[in-house]
$ cat final.cif   # mmCIF, C-alpha atoms
data_target
#
loop_
_atom_site.label_atom_id
_atom_site.label_comp_id
_atom_site.auth_asym_id
_atom_site.auth_seq_id
_atom_site.Cartn_x
_atom_site.Cartn_y
_atom_site.Cartn_z
CA MET A 1044 -18.57 39.39 -8.32
CA ASN A 1045 -15.87 42.00 -8.51
CA ASN A 1046 -12.95 41.77 -6.11
CA ILE A 1047 -13.69 38.17 -5.06
CA THR A 1048 -10.65 35.91 -5.31
CA VAL A 1049 -11.43 32.21 -5.65
CA GLY A 1050 -8.81 29.53 -5.27
CA PHE A 1051 -9.98 26.87 -7.72
CA ALA A 1052 -8.38 23.53 -6.88
CA LEU A 1053 -8.70 20.44 -9.04
CA CYS A 1054 -8.06 16.90 -7.82
CA GLY A 1055 -7.81 13.69 -9.82
CA SER A 1056 -11.43 13.00 -10.74
CA PHE A 1057 -10.43 13.32 -14.38
CA CYS A 1058 -13.86 12.47 -15.80
CA THR A 1059 -15.20 15.73 -14.33
CA PHE A 1060 -12.41 18.05 -15.53
CA SER A 1061 -14.39 19.36 -18.51
CA GLN A 1062 -17.31 20.30 -16.22
CA ALA A 1063 -15.02 21.86 -13.63
CA ILE A 1064 -13.13 23.89 -16.21
CA LYS A 1065 -16.45 25.08 -17.64
CA GLU A 1066 -17.37 26.40 -14.18
CA MET A 1067 -13.96 28.07 -13.96
CA GLU A 1068 -14.70 29.81 -17.28
CA ILE A 1069 -18.08 30.97 -15.97
CA LEU A 1070 -16.54 32.45 -12.82
CA ILE A 1071 -13.90 34.28 -14.84
CA SER A 1072 -16.56 35.61 -17.23
CA LYS A 1073 -18.35 37.05 -14.17
CA ASN A 1074 -15.22 38.88 -13.03
CA TYR A 1075 -14.11 36.57 -10.24
CA SER A 1076 -10.34 36.47 -9.89
CA VAL A 1077 -9.40 32.78 -10.10
CA ILE A 1078 -6.17 31.33 -8.74
CA PRO A 1079 -5.77 27.76 -10.07
CA ILE A 1080 -4.40 24.98 -7.86
CA MET A 1081 -3.90 21.31 -8.77
CA SER A 1082 -3.06 18.17 -6.85
CA TYR A 1083 0.05 16.30 -7.90
CA ASN A 1084 -2.03 13.68 -9.74
CA ALA A 1085 -4.25 16.23 -11.46
CA PHE A 1086 -1.16 18.17 -12.58
CA SER A 1087 0.83 15.24 -13.91
CA THR A 1088 -1.45 12.43 -15.09
CA ASP A 1089 -2.48 11.81 -18.70
CA THR A 1090 -5.81 10.00 -19.00
CA ARG A 1091 -8.43 9.16 -21.58
CA PHE A 1092 -10.03 12.46 -20.54
CA GLY A 1093 -7.05 14.47 -21.71
CA LYS A 1094 -3.35 15.07 -21.40
CA ALA A 1095 -2.08 16.85 -18.29
CA LYS A 1096 -0.14 19.36 -20.39
CA GLU A 1097 -3.27 20.31 -22.34
CA HIS A 1098 -5.29 20.84 -19.14
CA ILE A 1099 -2.48 22.92 -17.63
CA GLU A 1100 -2.12 25.13 -20.71
CA HIS A 1101 -5.88 25.67 -20.95
CA ILE A 1102 -6.28 26.54 -17.26
CA GLU A 1103 -3.27 28.86 -17.20
CA GLU A 1104 -4.52 30.64 -20.31
CA LEU A 1105 -7.99 31.07 -18.76
CA CYS A 1106 -6.71 32.34 -15.42
CA LYS A 1107 -3.80 34.34 -16.83
CA ARG A 1108 -1.50 32.88 -14.18
CA LYS A 1109 0.52 29.78 -13.35
CA ILE A 1110 -1.13 26.91 -11.53
CA ILE A 1111 -0.12 26.37 -7.91
CA ALA A 1112 1.18 22.82 -8.17
CA THR A 1113 3.65 22.45 -5.30
CA ILE A 1114 3.40 22.55 -1.53
CA THR A 1115 5.91 25.39 -1.48
CA ASP A 1116 3.74 27.48 -3.79
CA ALA A 1117 0.58 26.69 -1.79
CA GLU A 1118 2.00 27.64 1.61
CA PRO A 1119 1.67 31.47 1.22
CA ILE A 1120 -2.09 31.22 0.63
CA GLY A 1121 -2.85 31.58 4.34
CA PRO A 1122 -0.15 33.96 5.57
CA GLN A 1123 -0.70 36.31 2.64
CA LYS A 1124 -4.50 35.93 2.79
CA LEU A 1125 -4.59 35.37 -0.97
CA LEU A 1126 -8.14 33.95 -1.22
CA ASP A 1127 -11.63 34.96 -0.22
CA ILE A 1128 -12.79 31.38 -0.74
CA LEU A 1129 -11.15 28.12 -1.72
CA LEU A 1130 -13.14 25.78 -3.96
CA ILE A 1131 -12.02 22.19 -4.47
CA GLU A 1132 -13.79 21.01 -7.63
CA PRO A 1133 -13.59 18.10 -8.19
CA CYS A 1134 -12.75 16.85 -4.71
CA THR A 1135 -11.92 13.14 -4.66
CA GLY A 1136 -12.46 10.68 -1.83
CA ASN A 1137 -8.71 10.67 -1.28
CA THR A 1138 -8.60 14.44 -0.76
CA ILE A 1139 -11.75 14.34 1.38
CA ALA A 1140 -10.03 11.75 3.62
CA LYS A 1141 -6.91 13.89 3.91
CA LEU A 1142 -8.92 17.01 4.75
CA ALA A 1143 -10.99 15.17 7.36
CA ASN A 1144 -7.86 13.80 9.02
CA GLY A 1145 -5.57 16.83 8.83
CA ILE A 1146 -3.18 15.44 6.22
CA THR A 1147 -1.52 18.17 4.17
CA ASP A 1148 0.77 16.38 1.73
CA THR A 1149 -0.47 17.83 -1.58
CA PRO A 1150 -0.75 21.38 -2.92
CA VAL A 1151 -4.55 21.18 -2.55
CA THR A 1152 -4.62 19.95 1.04
CA LEU A 1153 -1.94 22.41 2.13
CA ALA A 1154 -3.83 25.21 0.36
CA ALA A 1155 -6.94 24.21 2.35
CA LYS A 1156 -5.10 24.13 5.67
CA SER A 1157 -3.34 27.42 4.94
CA HIS A 1158 -6.60 29.07 3.84
CA LEU A 1159 -8.73 27.80 6.74
CA ARG A 1160 -6.36 29.34 9.30
CA ASN A 1161 -7.87 32.69 8.28
CA ASN A 1162 -11.43 31.56 9.12
CA ARG A 1163 -12.38 31.85 5.46
CA PRO A 1164 -14.69 29.40 3.64
CA LEU A 1165 -13.60 26.17 2.03
CA LEU A 1166 -16.11 24.86 -0.54
CA ILE A 1167 -16.00 21.19 -1.54
CA ALA A 1168 -17.49 19.74 -4.73
CA VAL A 1169 -17.61 15.99 -4.07
CA SER A 1170 -16.69 13.58 -6.85
CA THR A 1171 -16.05 10.08 -5.57
CA ASN A 1172 -17.15 6.54 -6.31
CA ASP A 1173 -17.22 5.66 -2.60
CA ALA A 1174 -19.17 8.57 -1.07
CA LEU A 1175 -21.72 6.16 0.38
CA SER A 1176 -19.11 3.68 1.61
CA GLY A 1177 -15.45 4.38 2.43
CA SER A 1178 -15.70 8.17 2.14
CA ALA A 1179 -19.01 8.54 4.00
CA GLY A 1180 -17.43 8.98 7.43
CA ASN A 1181 -14.96 11.56 6.14
CA ILE A 1182 -17.70 13.51 4.38
CA GLY A 1183 -19.64 13.44 7.64
CA ARG A 1184 -16.67 14.84 9.55
CA LEU A 1185 -16.31 17.69 7.07
CA LEU A 1186 -20.05 18.44 7.12
CA VAL A 1187 -19.69 19.50 10.77
CA THR A 1188 -16.37 21.32 10.37
CA ARG A 1189 -16.41 25.07 10.82
CA ASN A 1190 -15.95 27.09 7.60
CA VAL A 1191 -16.35 24.01 5.37
CA TYR A 1192 -19.23 24.05 2.89
CA PHE A 1193 -20.38 21.76 0.09
CA VAL A 1194 -21.65 22.20 -3.42
CA PRO A 1195 -24.86 20.09 -3.34
CA PHE A 1196 -24.29 16.49 -4.39
CA SER A 1197 -26.24 13.37 -5.32
CA GLN A 1198 -25.82 9.86 -6.65
CA ASP A 1199 -24.67 10.11 -10.24
CA LEU A 1200 -25.30 6.55 -11.52
CA PRO A 1201 -27.20 4.74 -8.76
CA ASP A 1202 -27.81 1.57 -10.77
CA ASP A 1203 -24.25 1.14 -12.02
CA LYS A 1204 -22.32 2.77 -9.14
CA PRO A 1205 -24.63 2.74 -6.10
CA ARG A 1206 -22.09 4.29 -3.73
CA SER A 1207 -20.89 7.04 -6.09
CA MET A 1208 -21.83 10.71 -5.65
CA ILE A 1209 -20.98 13.88 -7.49
CA SER A 1210 -21.71 17.54 -6.85
CA ASP A 1211 -23.92 19.52 -9.19
CA PHE A 1212 -21.21 21.73 -10.66
CA ASN A 1213 -23.95 23.99 -12.08
CA LYS A 1214 -24.51 25.16 -8.48
CA THR A 1215 -20.91 26.26 -8.04
CA GLU A 1216 -21.41 30.02 -8.15
CA GLU A 1217 -24.54 29.91 -6.01
CA SER A 1218 -22.64 27.81 -3.46
CA ILE A 1219 -19.75 30.30 -3.47
CA ILE A 1220 -22.08 33.22 -2.84
CA GLU A 1221 -23.75 31.47 0.08
CA ALA A 1222 -20.49 30.18 1.59
CA LEU A 1223 -19.07 33.72 1.52
CA LYS A 1224 -22.09 34.72 3.64
CA GLY A 1225 -21.44 31.80 6.02
CA ASN A 1226 -24.38 29.77 4.70
CA GLN A 1227 -24.55 26.20 3.44
CA ILE A 1228 -26.70 26.03 0.31
CA GLN A 1229 -29.63 23.66 0.79
CA PRO A 1230 -30.38 20.91 0.19
CA ILE A 1231 -26.83 19.57 0.52
CA VAL A 1232 -27.85 16.15 -0.77
CA PHE A 1233 -30.58 15.89 -3.39
#

$ encode --input "final.cif" --output "structure tokens"
Amino acid sequence: MNNITVGFALCGSFCTFSQAIKEMEILISKNYSVIPIMSYNAFSTDTRFGKAKEHIEHIEELCKRKIIATITDAEPIGPQKLLDILLIEPCTGNTIAKLANGITDTPVTLAAKSHLRNNRPLLIAVSTNDALSGSAGNIGRLLVTRNVYFVPFSQDLPDDKPRSMISDFNKTEESIIEALKGNQIQPIVF
């Protein structure tokens, strides 16, 4: 996809970073221009899934640009029309709640607000342990929000975490293509 600029935002679902970064690599290999964005927690937190500094270095090397990691740096996304599509992968329950309620206090949520003002697609890849409980109402609100699309998602460990859902990151590019056409890939939930 030549000449398509994807904002690729990562939130703090650290267990999915390796999958998300793999999808970022795939998009770059297919000639998408990728602008990386990270929430404060994603940008600064060391976990058992890796050190923040290592993730940052890897992503910046892949994308050949600095990560947008402040509200100030995210603000120009809308006025300058920097993105064709904004992908939030992984998108945590916390970020889903903020998006559903108009809260823009992180680089990712401000990037979304700034981007949506241009009537361009926002694509969400759900990754939350409470999708079928506390986050369900917020997901529902976003499902009916104009220009918001979802990477298809399902329960990831229904026996151990019966309320947890995660998007199928392997459907990222297909979801981008459809969202750019104004279509929600189906089925949304599988």

$ residues_around --input "final.cif" --residues "region 1134-1142 of chain A" --least-positions-apart "2" --cutoff "9 Å" --atoms "only C-alpha atoms" --output "JSON, numbers by chain"
{"A": [1052, 1053, 1054, 1055, 1056, 1130, 1131, 1132, 1144, 1145, 1146, 1147, 1148, 1149, 1151, 1152, 1155, 1156, 1167, 1168, 1169, 1170, 1171, 1172, 1173, 1174, 1177, 1178, 1180, 1181, 1182, 1185]}

$ atom_distance --input "final.cif" --atom1 "CA of Arg1189 (chain A)" --atom2 "CA of Leu1125 (chain A)"
19.6 Å

$ closest_residue --input "final.cif" --among "A:Ile1209, A:Ile1220, A:Val1049, A:Ala1154" --to "Ala1117 (chain A)" --atoms "all atoms listed in the file"
A:Ala1154

$ resolve_selection --input "final.cif" --expression "the PyMOL selection byres ((chain A and resi 1110) around 7)" --output "list in words"
Pro1079, Ile1080, Met1081, Glu1103, Arg1108, Lys1109, Ile1111 and Ala1112 of chain A

$ atom_distance --input "final.cif" --atom1 "CA of Met1208 (chain A)" --atom2 "CA of Thr1088 (chain A)"
22.5 Å

$ residues_around --input "final.cif" --residues "Gln1198 (chain A)" --least-positions-apart "4" --cutoff "9 Å" --atoms "only C-alpha atoms" --output "list in words"
Ala1174, Leu1175, Lys1204, Pro1205, Arg1206, Ser1207, Met1208, Ile1209, Ser1210, Val1232 and Phe1233 of chain A

$ write_last_selection --input "final.cif" --atoms "C-alpha atoms" --output "mmCIF file, in the coordinates of the input"
data_model
loop_
_atom_site.group_PDB
_atom_site.id
_atom_site.type_symbol
_atom_site.label_atom_id
_atom_site.label_comp_id
_atom_site.auth_asym_id
_atom_site.auth_seq_id
_atom_site.Cartn_x
_atom_site.Cartn_y
_atom_site.Cartn_z
ATOM 1 C CA ALA A 1174 -19.170 8.570 -1.070
ATOM 2 C CA LEU A 1175 -21.720 6.160 0.380
ATOM 3 C CA LYS A 1204 -22.320 2.770 -9.140
ATOM 4 C CA PRO A 1205 -24.630 2.740 -6.100
ATOM 5 C CA ARG A 1206 -22.090 4.290 -3.730
ATOM 6 C CA SER A 1207 -20.890 7.040 -6.090
ATOM 7 C CA MET A 1208 -21.830 10.710 -5.650
ATOM 8 C CA ILE A 1209 -20.980 13.880 -7.490
ATOM 9 C CA SER A 1210 -21.710 17.540 -6.850
ATOM 10 C CA VAL A 1232 -27.850 16.150 -0.770
ATOM 11 C CA PHE A 1233 -30.580 15.890 -3.390
#

$ closest_residue --input "final.cif" --among "A:Glu1068, A:Phe1060, A:Ile1078, A:Pro1119" --to "Glu1097 (chain A)" --atoms "only C-alpha atoms"
A:Phe1060

$ atom_distance --input "final.cif" --atom1 "CA of Phe1086 (chain A)" --atom2 "CA of Pro1133 (chain A)"
13.2 Å

$ resolve_selection --input "final.cif" --expression "the PyMOL selection byres ((chain A and resi 1158-1166) around 8)" --output "list in words"
Ile1120, Gly1121, Lys1124, Leu1126, Asp1127, Ile1128, Leu1129, Leu1130, Ile1131, Ala1154, Ala1155, Lys1156, Ser1157, Ile1167, Ala1168, Asn1190, Val1191, Tyr1192, Phe1193, Val1194, Ser1218, Ile1219, Ala1222, Leu1223 and Gly1225 of chain A

$ residues_around --input "final.cif" --residues "region 1212-1217 of chain A" --least-positions-apart "5" --cutoff "8 Å" --atoms "all atoms listed in the file" --output "PyMOL selection string"
chain A and resi 1062-1063+1066+1070+1168+1194-1195+1228

$ build_atoms --input "final.cif" --residues "region 1209-1222 of chain A" --atoms "N, CA and C atoms" --output "CSV table (one decimal), in the coordinates of the input"
chain,number,residue,atom,x,y,z
A,1209,ILE,N,-21.7,12.8,-6.8
A,1209,ILE,CA,-21.0,13.9,-7.5
A,1209,ILE,C,-21.8,15.2,-7.2
A,1210,SER,N,-21.1,16.2,-7.1
A,1210,SER,CA,-21.7,17.5,-6.8
A,1210,SER,C,-22.3,18.0,-8.2
A,1211,ASP,N,-23.3,18.9,-8.0
A,1211,ASP,CA,-23.9,19.5,-9.2
A,1211,ASP,C,-23.1,20.8,-9.5
A,1212,PHE,N,-22.1,20.6,-10.4
A,1212,PHE,CA,-21.2,21.7,-10.7
A,1212,PHE,C,-21.9,23.0,-11.1
A,1213,ASN,N,-23.2,22.8,-11.7
A,1213,ASN,CA,-24.0,24.0,-12.1
A,1213,ASN,C,-24.3,24.9,-10.9
A,1214,LYS,N,-24.2,24.4,-9.7
A,1214,LYS,CA,-24.5,25.2,-8.5
A,1214,LYS,C,-23.3,25.8,-7.8
A,1215,THR,N,-22.2,25.8,-8.6
A,1215,THR,CA,-20.9,26.3,-8.0
A,1215,THR,C,-21.0,27.7,-7.6
A,1216,GLU,N,-21.4,28.6,-8.5
A,1216,GLU,CA,-21.4,30.0,-8.2
A,1216,GLU,C,-22.4,30.3,-7.0
A,1217,GLU,N,-23.6,29.7,-7.1
A,1217,GLU,CA,-24.5,29.9,-6.0
A,1217,GLU,C,-24.0,29.4,-4.7
A,1218,SER,N,-23.3,28.3,-4.7
A,1218,SER,CA,-22.6,27.8,-3.5
A,1218,SER,C,-21.5,28.7,-3.0
A,1219,ILE,N,-20.8,29.3,-3.9
A,1219,ILE,CA,-19.8,30.3,-3.5
A,1219,ILE,C,-20.4,31.5,-2.8
A,1220,ILE,N,-21.4,32.0,-3.4
A,1220,ILE,CA,-22.1,33.2,-2.8
A,1220,ILE,C,-22.6,32.9,-1.4
A,1221,GLU,N,-23.2,31.8,-1.2
A,1221,GLU,CA,-23.8,31.5,0.1
A,1221,GLU,C,-22.6,31.2,1.1
A,1222,ALA,N,-21.6,30.5,0.7
A,1222,ALA,CA,-20.5,30.2,1.6
A,1222,ALA,C,-19.8,31.5,2.0
